[in-house]
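Source file coords_5.cif; content: mmCIF, C-alpha atoms.
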```
data_final
loop_
_atom_site.label_atom_id
_atom_site.label_comp_id
_atom_site.auth_asym_id
_atom_site.auth_seq_id
_atom_site.Cartn_x
_atom_site.Cartn_y
_atom_site.Cartn_z
CA SER A 1 -55.20 -38.80 -69.03
CA GLN A 2 -57.29 -35.71 -69.70
CA GLN A 3 -58.31 -33.62 -66.75
CA GLY A 4 -61.03 -31.45 -68.25
CA GLU A 5 -64.37 -32.92 -69.19
CA GLU A 6 -66.82 -30.90 -71.24
CA ASP A 7 -70.55 -31.34 -71.17
CA PRO A 8 -72.43 -31.81 -73.40
CA GLN A 9 -70.31 -33.65 -75.96
CA ALA A 10 -72.44 -32.19 -78.73
CA LEU A 11 -74.87 -29.27 -78.89
CA SER A 12 -77.07 -28.12 -81.75
CA ILE A 13 -78.99 -24.83 -81.52
CA GLN A 14 -80.63 -22.29 -83.77
CA GLU A 15 -78.79 -19.18 -84.86
CA GLY A 16 -79.44 -16.35 -82.41
CA GLU A 17 -79.89 -18.61 -79.41
CA ASN A 18 -77.42 -18.81 -76.53
CA ALA A 19 -75.08 -21.78 -76.14
CA THR A 20 -73.83 -22.98 -72.78
CA MET A 21 -71.03 -25.49 -72.31
CA ASN A 22 -69.76 -26.84 -69.04
CA CYS A 23 -66.38 -28.13 -67.96
CA SER A 24 -65.24 -30.05 -64.92
CA TYR A 25 -61.66 -30.63 -63.84
CA LYS A 26 -59.98 -32.73 -61.21
CA THR A 27 -57.06 -30.99 -59.53
CA SER A 28 -56.02 -27.53 -58.40
CA ILE A 29 -55.55 -24.95 -61.09
CA ASN A 30 -53.93 -21.56 -61.59
CA ASN A 31 -56.24 -20.74 -64.45
CA LEU A 32 -58.89 -22.23 -66.73
CA GLN A 33 -58.83 -21.51 -70.44
CA TRP A 34 -61.30 -22.02 -73.28
CA TYR A 35 -60.30 -22.68 -76.87
CA ARG A 36 -62.18 -23.06 -80.15
CA GLN A 37 -61.18 -25.41 -82.94
CA ASN A 38 -62.61 -25.43 -86.42
CA SER A 39 -62.53 -28.74 -88.23
CA GLY A 40 -58.99 -29.85 -89.06
CA ARG A 41 -57.38 -26.66 -87.80
CA GLY A 42 -55.38 -25.53 -84.81
CA LEU A 43 -56.94 -24.23 -81.62
CA VAL A 44 -57.72 -20.58 -81.03
CA HIS A 45 -57.48 -19.13 -77.53
CA LEU A 46 -60.79 -17.54 -76.48
CA ILE A 47 -60.53 -16.54 -72.86
CA LEU A 48 -58.56 -17.20 -69.66
CA ILE A 49 -59.99 -16.98 -66.17
CA ARG A 50 -57.71 -17.06 -63.16
CA SER A 51 -58.41 -19.19 -60.11
CA ASN A 52 -59.23 -16.12 -58.01
CA GLU A 53 -61.81 -14.85 -60.53
CA ARG A 54 -65.44 -15.94 -60.67
CA GLU A 55 -66.64 -14.46 -63.94
CA LYS A 56 -65.12 -12.94 -67.04
CA HIS A 57 -66.54 -11.43 -70.23
CA SER A 58 -65.13 -11.02 -73.70
CA GLY A 59 -67.50 -9.79 -76.41
CA ARG A 60 -70.29 -12.40 -76.73
CA LEU A 61 -68.46 -14.80 -74.41
CA ARG A 62 -69.03 -15.17 -70.70
CA VAL A 63 -67.01 -17.58 -68.58
CA THR A 64 -67.67 -18.53 -64.99
CA LEU A 65 -65.43 -20.47 -62.63
CA ASP A 66 -66.41 -22.27 -59.44
CA THR A 67 -63.25 -23.61 -57.82
CA SER A 68 -65.21 -25.22 -54.97
CA LYS A 69 -67.03 -27.41 -57.53
CA LYS A 70 -64.03 -27.59 -59.87
CA SER A 71 -66.22 -26.47 -62.74
CA SER A 72 -66.45 -23.76 -65.37
CA SER A 73 -68.99 -22.74 -67.95
CA LEU A 74 -68.76 -20.95 -71.28
CA LEU A 75 -71.76 -19.01 -72.54
CA ILE A 76 -71.90 -17.77 -76.11
CA THR A 77 -74.71 -15.28 -76.58
CA ALA A 78 -76.56 -14.53 -79.81
CA SER A 79 -74.92 -17.42 -81.63
CA ARG A 80 -73.90 -17.16 -85.29
CA ALA A 81 -73.24 -19.78 -87.93
CA ALA A 82 -69.52 -18.94 -87.68
CA ASP A 83 -69.56 -20.14 -84.04
CA THR A 84 -69.91 -23.73 -85.30
CA ALA A 85 -66.77 -25.44 -83.97
CA SER A 86 -65.46 -27.64 -81.17
CA TYR A 87 -64.86 -25.92 -77.86
CA PHE A 88 -62.30 -27.15 -75.33
CA CYS A 89 -61.62 -26.20 -71.77
CA ALA A 90 -58.06 -26.51 -70.53
CA ALA A 91 -56.85 -26.56 -66.96
CA GLY A 92 -53.67 -24.61 -66.34
CA GLY A 93 -51.23 -24.88 -63.49
CA GLY A 94 -50.01 -28.44 -63.61
CA ALA A 95 -46.54 -29.54 -64.56
CA ASP A 96 -47.84 -30.84 -67.89
CA GLY A 97 -48.81 -27.45 -69.27
CA LEU A 98 -52.49 -27.23 -70.16
CA THR A 99 -54.65 -30.32 -69.80
CA PHE A 100 -57.52 -30.38 -72.30
CA GLY A 101 -60.89 -32.06 -72.20
CA LYS A 102 -62.49 -33.93 -75.10
CA GLY A 103 -64.47 -30.91 -76.21
CA THR A 104 -68.03 -29.91 -76.99
CA HIS A 105 -68.98 -29.94 -80.65
CA LEU A 106 -71.29 -26.97 -81.26
CA ILE A 107 -73.47 -26.73 -84.35
CA ILE A 108 -75.34 -23.52 -85.10
CA GLN A 109 -78.23 -24.10 -87.46
CA PRO A 110 -79.27 -21.20 -89.70
CA ASP B 1 -44.62 -12.44 -87.36
CA THR B 2 -47.90 -14.07 -88.30
CA GLY B 3 -48.19 -16.62 -85.53
CA VAL B 4 -47.03 -20.17 -84.98
CA SER B 5 -45.99 -21.98 -88.15
CA GLN B 6 -45.81 -25.73 -88.57
CA ASP B 7 -44.30 -27.64 -91.42
CA PRO B 8 -45.35 -29.80 -93.17
CA ARG B 9 -49.14 -29.49 -93.01
CA HIS B 10 -49.58 -33.09 -94.03
CA LYS B 11 -47.26 -36.08 -93.99
CA ILE B 12 -47.95 -39.59 -95.24
CA THR B 13 -45.29 -42.14 -94.39
CA LYS B 14 -44.84 -45.87 -94.44
CA ARG B 15 -44.70 -47.77 -91.21
CA GLY B 16 -41.15 -48.01 -89.94
CA GLN B 17 -39.97 -44.76 -91.50
CA ASN B 18 -38.73 -41.77 -89.53
CA VAL B 19 -40.46 -38.41 -89.75
CA THR B 20 -39.55 -34.94 -88.51
CA PHE B 21 -41.85 -32.00 -87.98
CA ARG B 22 -40.88 -28.38 -87.49
CA CYS B 23 -42.50 -25.62 -85.45
CA ASP B 24 -41.65 -21.92 -85.58
CA PRO B 25 -43.18 -20.17 -82.56
CA ILE B 26 -43.97 -16.51 -82.13
CA SER B 27 -40.52 -14.97 -81.81
CA GLU B 28 -40.95 -13.34 -78.42
CA HIS B 29 -42.57 -16.41 -76.83
CA ASN B 30 -40.22 -18.28 -74.51
CA ARG B 31 -42.42 -21.34 -74.03
CA LEU B 32 -43.11 -23.97 -76.68
CA TYR B 33 -45.37 -27.00 -76.41
CA TRP B 34 -46.07 -30.08 -78.48
CA TYR B 35 -49.46 -31.80 -78.34
CA ARG B 36 -50.97 -34.74 -80.16
CA GLN B 37 -54.64 -34.89 -81.11
CA THR B 38 -56.59 -37.85 -82.48
CA LEU B 39 -60.06 -37.70 -84.00
CA GLY B 40 -62.75 -36.79 -81.53
CA GLN B 41 -60.32 -36.18 -78.69
CA GLY B 42 -58.77 -33.12 -77.13
CA PRO B 43 -55.07 -32.37 -77.48
CA GLU B 44 -52.78 -34.49 -75.34
CA PHE B 45 -49.61 -32.99 -73.93
CA LEU B 46 -46.33 -34.39 -75.25
CA THR B 47 -43.57 -32.05 -74.16
CA TYR B 48 -42.72 -28.49 -73.17
CA PHE B 49 -39.72 -26.22 -73.60
CA GLN B 50 -38.84 -23.04 -71.81
CA ASN B 51 -36.31 -21.36 -74.03
CA GLU B 52 -33.98 -24.20 -75.11
CA ALA B 53 -34.57 -26.38 -72.03
CA GLN B 54 -36.97 -29.30 -72.30
CA LEU B 55 -38.72 -29.14 -68.92
CA GLU B 56 -41.48 -31.72 -69.12
CA LYS B 57 -42.11 -34.90 -71.08
CA SER B 58 -45.33 -36.88 -71.07
CA ARG B 59 -45.44 -40.63 -70.57
CA LEU B 60 -46.96 -40.62 -74.07
CA LEU B 61 -43.56 -39.64 -75.40
CA SER B 62 -41.97 -43.03 -75.91
CA ASP B 63 -38.28 -43.44 -76.68
CA ARG B 64 -39.19 -43.32 -80.39
CA PHE B 65 -40.07 -39.65 -79.97
CA SER B 66 -37.53 -36.89 -79.53
CA ALA B 67 -37.93 -33.14 -79.50
CA GLU B 68 -35.38 -30.37 -79.65
CA ARG B 69 -35.39 -26.62 -79.48
CA PRO B 70 -31.88 -25.48 -80.32
CA LYS B 71 -31.12 -21.89 -79.36
CA GLY B 72 -34.61 -21.49 -77.95
CA SER B 73 -36.15 -20.64 -81.30
CA PHE B 74 -37.76 -23.21 -83.63
CA SER B 75 -38.42 -26.76 -82.47
CA THR B 76 -38.40 -30.16 -84.15
CA LEU B 77 -40.29 -33.29 -83.21
CA GLU B 78 -38.93 -36.54 -84.61
CA ILE B 79 -40.70 -39.89 -84.57
CA GLN B 80 -38.53 -42.89 -85.33
CA ARG B 81 -39.80 -46.22 -86.65
CA THR B 82 -43.33 -44.90 -87.07
CA GLU B 83 -46.29 -47.11 -86.20
CA GLN B 84 -49.89 -46.86 -87.36
CA GLY B 85 -50.86 -45.71 -83.86
CA ASP B 86 -48.75 -42.60 -84.39
CA SER B 87 -51.27 -41.32 -86.94
CA ALA B 88 -52.62 -38.10 -85.47
CA MET B 89 -52.52 -34.32 -85.69
CA TYR B 90 -49.37 -32.96 -84.06
CA LEU B 91 -49.93 -29.47 -82.70
CA CYS B 92 -47.34 -26.96 -81.63
CA ALA B 93 -48.14 -23.98 -79.42
CA SER B 94 -46.18 -21.14 -77.87
CA SER B 95 -46.78 -18.70 -75.05
CA LEU B 96 -45.10 -15.89 -73.19
CA GLY B 97 -45.18 -17.17 -69.67
CA PRO B 98 -48.14 -19.19 -68.32
CA GLY B 99 -50.91 -17.35 -70.21
CA GLY B 100 -52.96 -18.33 -73.24
CA TYR B 101 -51.33 -20.44 -75.91
CA THR B 102 -51.10 -19.62 -79.59
CA PHE B 103 -51.42 -22.79 -81.61
CA GLY B 104 -50.17 -23.57 -85.07
CA SER B 105 -52.39 -25.25 -87.66
CA GLY B 106 -50.78 -28.60 -86.95
CA THR B 107 -49.12 -31.37 -88.94
CA ARG B 108 -51.42 -34.24 -89.84
CA LEU B 109 -49.47 -37.52 -89.89
CA THR B 110 -50.80 -40.61 -91.59
CA VAL B 111 -48.83 -43.82 -91.20
CA VAL B 112 -49.73 -46.46 -93.80
#
```
So that I can check it, write out the structure of this file as structure tokens.
Amino acid sequence: SQQGEEDPQALSIQEGENATMNCSYKTSINNLQWYRQNSGRGLVHLILIRSNEREKHSGRLRVTLDTSKKSSSLLITASRAADTASYFCAAGGGADGLTFGKGTHLIIQP
Amino acid sequence: DTGVSQDPRHKITKRGQNVTFRCDPISEHNRLYWYRQTLGQGPEFLTYFQNEAQLEKSRLLSDRFSAERPKGSFSTLEIQRTEQGDSAMYLCASSLGPGGYTFGSGTRLTVV
């Protein structure tokens, strides 16, 4: 079974707007990771936030983690057409390596 | 080293045939993972190696599936007596310790 659950399942915004995706997980974690996947390709690691961190930035990405609510969010600022992809959160720390959610499909409209 | 390589990129096979996929991880990465992904779903964990030792296997990995990582370098995933339900993208990833994974582009399997 998949531990992470992303919300929304699909998101369509205009280029230049900010995109926010949320993730909930079920068990204790050591870290929470976000990945991007373009259609038919492998996943690309975006950012990792450790369980003792609350917020992390990388370029136009901002990730928050609330371990009390077992949730995380990914914010992409000033979106671009190239950001169109599926985004997955993955909970790290279990015996089964990373456990991925079903993803949020993001479409950036020009 | 240009990342994680998977071969072949695509494989079409008849039901009942055996198939084998190969993954070449980043050379300094000691951990190697196999995942399976179907359309509209996130990757599902299959198995994990640390160096040459296979440390974890998912319940998804039936006895028709076997994975090896001889000498702790490349890995192979074999599916025997393929079924239509095996059709999926098979993803390999590697990491140095428990950090972020580097994924390959995957092998898309179609069982007809």
Q | Top pick for closest residue to Asn18 of chain B, considering B:Arg31, B:Arg59, B:Arg69, B:Arg64 and counting all atoms listed in the file | A |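 When distances to Asn18 of chain B are compared using all atoms listed in the file, the smallest one comes from B:Arg64.
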Restrict the calculation to all atoms listed in the file, then for each residue of chain A with any atom at most 12 Å from an atom of chain B give the closest atom pair and their distance in Å to one decimal, rows by chain and rising residue number, as JSON lines.
```
{"residue": "A:Ser1", "atom": "CA", "partner": "B:Glu44", "partner_atom": "CA", "distance": 8.0}
{"residue": "A:Gln2", "atom": "CA", "partner": "B:Glu44", "partner_atom": "CA", "distance": 7.3}
{"residue": "A:Gln3", "atom": "CA", "partner": "B:Glu44", "partner_atom": "CA", "distance": 10.3}
{"residue": "A:Gly4", "atom": "CA", "partner": "B:Gly42", "partner_atom": "CA", "distance": 9.3}
{"residue": "A:Glu5", "atom": "CA", "partner": "B:Gly42", "partner_atom": "CA", "distance": 9.7}
{"residue": "A:Glu6", "atom": "CA", "partner": "B:Gly42", "partner_atom": "CA", "distance": 10.2}
{"residue": "A:Gln9", "atom": "CA", "partner": "B:Gly40", "partner_atom": "CA", "distance": 9.9}
{"residue": "A:Ala10", "atom": "CA", "partner": "B:Gly40", "partner_atom": "CA", "distance": 11.1}
{"residue": "A:Ile29", "atom": "CA", "partner": "B:Pro98", "partner_atom": "CA", "distance": 11.8}
{"residue": "A:Asn30", "atom": "CA", "partner": "B:Pro98", "partner_atom": "CA", "distance": 9.2}
{"residue": "A:Asn31", "atom": "CA", "partner": "B:Gly99", "partner_atom": "CA", "distance": 8.5}
{"residue": "A:Leu32", "atom": "CA", "partner": "B:Gly100", "partner_atom": "CA", "distance": 9.6}
{"residue": "A:Gln33", "atom": "CA", "partner": "B:Gly100", "partner_atom": "CA", "distance": 7.2}
{"residue": "A:Trp34", "atom": "CA", "partner": "B:Gly100", "partner_atom": "CA", "distance": 9.1}
{"residue": "A:Tyr35", "atom": "CA", "partner": "B:Gly100", "partner_atom": "CA", "distance": 9.3}
{"residue": "A:Arg36", "atom": "CA", "partner": "B:Phe103", "partner_atom": "CA", "distance": 10.9}
{"residue": "A:Gln37", "atom": "CA", "partner": "B:Gly42", "partner_atom": "CA", "distance": 10.0}
{"residue": "A:Asn38", "atom": "CA", "partner": "B:Ser105", "partner_atom": "CA", "distance": 10.3}
{"residue": "A:Ser39", "atom": "CA", "partner": "B:Leu39", "partner_atom": "CA", "distance": 10.2}
{"residue": "A:Gly40", "atom": "CA", "partner": "B:Ser105", "partner_atom": "CA", "distance": 8.2}
{"residue": "A:Arg41", "atom": "CA", "partner": "B:Ser105", "partner_atom": "CA", "distance": 5.2}
{"residue": "A:Gly42", "atom": "CA", "partner": "B:Ser105", "partner_atom": "CA", "distance": 4.1}
{"residue": "A:Leu43", "atom": "CA", "partner": "B:Phe103", "partner_atom": "CA", "distance": 5.7}
{"residue": "A:Val44", "atom": "CA", "partner": "B:Phe103", "partner_atom": "CA", "distance": 6.7}
{"residue": "A:His45", "atom": "CA", "partner": "B:Gly100", "partner_atom": "CA", "distance": 6.3}
{"residue": "A:Leu46", "atom": "CA", "partner": "B:Gly100", "partner_atom": "CA", "distance": 8.5}
{"residue": "A:Ile47", "atom": "CA", "partner": "B:Gly100", "partner_atom": "CA", "distance": 7.8}
{"residue": "A:Leu48", "atom": "CA", "partner": "B:Gly100", "partner_atom": "CA", "distance": 6.7}
{"residue": "A:Ile49", "atom": "CA", "partner": "B:Gly99", "partner_atom": "CA", "distance": 9.9}
{"residue": "A:Arg50", "atom": "CA", "partner": "B:Gly99", "partner_atom": "CA", "distance": 9.8}
{"residue": "A:Ser86", "atom": "CA", "partner": "B:Gly42", "partner_atom": "CA", "distance": 9.5}
{"residue": "A:Tyr87", "atom": "CA", "partner": "B:Gly42", "partner_atom": "CA", "distance": 9.5}
{"residue": "A:Phe88", "atom": "CA", "partner": "B:Gly42", "partner_atom": "CA", "distance": 7.2}
{"residue": "A:Cys89", "atom": "CA", "partner": "B:Gly42", "partner_atom": "CA", "distance": 9.2}
{"residue": "A:Ala90", "atom": "CA", "partner": "B:Gly42", "partner_atom": "CA", "distance": 9.4}
{"residue": "A:Ala91", "atom": "CA", "partner": "B:Gly100", "partner_atom": "CA", "distance": 11.1}
{"residue": "A:Gly92", "atom": "CA", "partner": "B:Pro98", "partner_atom": "CA", "distance": 8.0}
{"residue": "A:Gly93", "atom": "CA", "partner": "B:Pro98", "partner_atom": "CA", "distance": 8.1}
{"residue": "A:Gly94", "atom": "CA", "partner": "B:Pro98", "partner_atom": "CA", "distance": 10.5}
{"residue": "A:Ala95", "atom": "CA", "partner": "B:Glu56", "partner_atom": "CA", "distance": 7.2}
{"residue": "A:Asp96", "atom": "CA", "partner": "B:Glu56", "partner_atom": "CA", "distance": 6.5}
{"residue": "A:Gly97", "atom": "CA", "partner": "B:Phe45", "partner_atom": "CA", "distance": 7.3}
{"residue": "A:Leu98", "atom": "CA", "partner": "B:Phe45", "partner_atom": "CA", "distance": 7.5}
{"residue": "A:Thr99", "atom": "CA", "partner": "B:Phe45", "partner_atom": "CA", "distance": 7.0}
{"residue": "A:Phe100", "atom": "CA", "partner": "B:Gly42", "partner_atom": "CA", "distance": 5.7}
{"residue": "A:Gly101", "atom": "CA", "partner": "B:Gly42", "partner_atom": "CA", "distance": 5.5}
{"residue": "A:Lys102", "atom": "CA", "partner": "B:Gly42", "partner_atom": "CA", "distance": 4.3}
{"residue": "A:Gly103", "atom": "CA", "partner": "B:Gly42", "partner_atom": "CA", "distance": 6.2}
{"residue": "A:Thr104", "atom": "CA", "partner": "B:Gly40", "partner_atom": "CA", "distance": 9.8}
{"residue": "A:His105", "atom": "CA", "partner": "B:Gly40", "partner_atom": "CA", "distance": 9.3}
```
**Q.** Test item: residues at most 7 Å from Ser75 of chain B, only C-alpha atoms, excluding those fewer than 6 positions along its chain, as a list in words
**A.**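 Contacts, in chain order: Arg22, Cys23, Asp24, Glu68 and Arg69 of chain B.
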Written file, previous selection with C-alpha atoms, as a short mmCIF file (atom, residue, chain, number, x, y, z; two decimals), in the coordinates of the input:
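Final output, saved to out32.cif:
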```
data_model
loop_
_atom_site.label_atom_id
_atom_site.label_comp_id
_atom_site.auth_asym_id
_atom_site.auth_seq_id
_atom_site.Cartn_x
_atom_site.Cartn_y
_atom_site.Cartn_z
CA ARG B 22 -40.88 -28.38 -87.49
CA CYS B 23 -42.50 -25.62 -85.45
CA ASP B 24 -41.65 -21.92 -85.58
CA GLU B 68 -35.38 -30.37 -79.65
CA ARG B 69 -35.39 -26.62 -79.48
#
```
(Q) Residue by residue, what does the PyMOL selection byres ((chain A and resi 24) around 7) grab here? Present the result as a list of chain:residue names. (A) A:Gly4, A:Glu5, A:Glu6, A:Asn22, A:Cys23, A:Tyr25, A:Lys26, A:Lys70, A:Ser71, A:Ser72
Q | Distance of atom CA of Arg54 of chain A from atom CA of Gln14 of chain A, expressed in Å to one decimal place | A |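 A separation of 28.4 Å between them.
Between Ser73 of chain A and the candidates A:Asp7, A:Arg60, A:Met21, A:Gly16, the tightest atom-to-atom separation, counting all atoms listed in the file, involves A:Met21.
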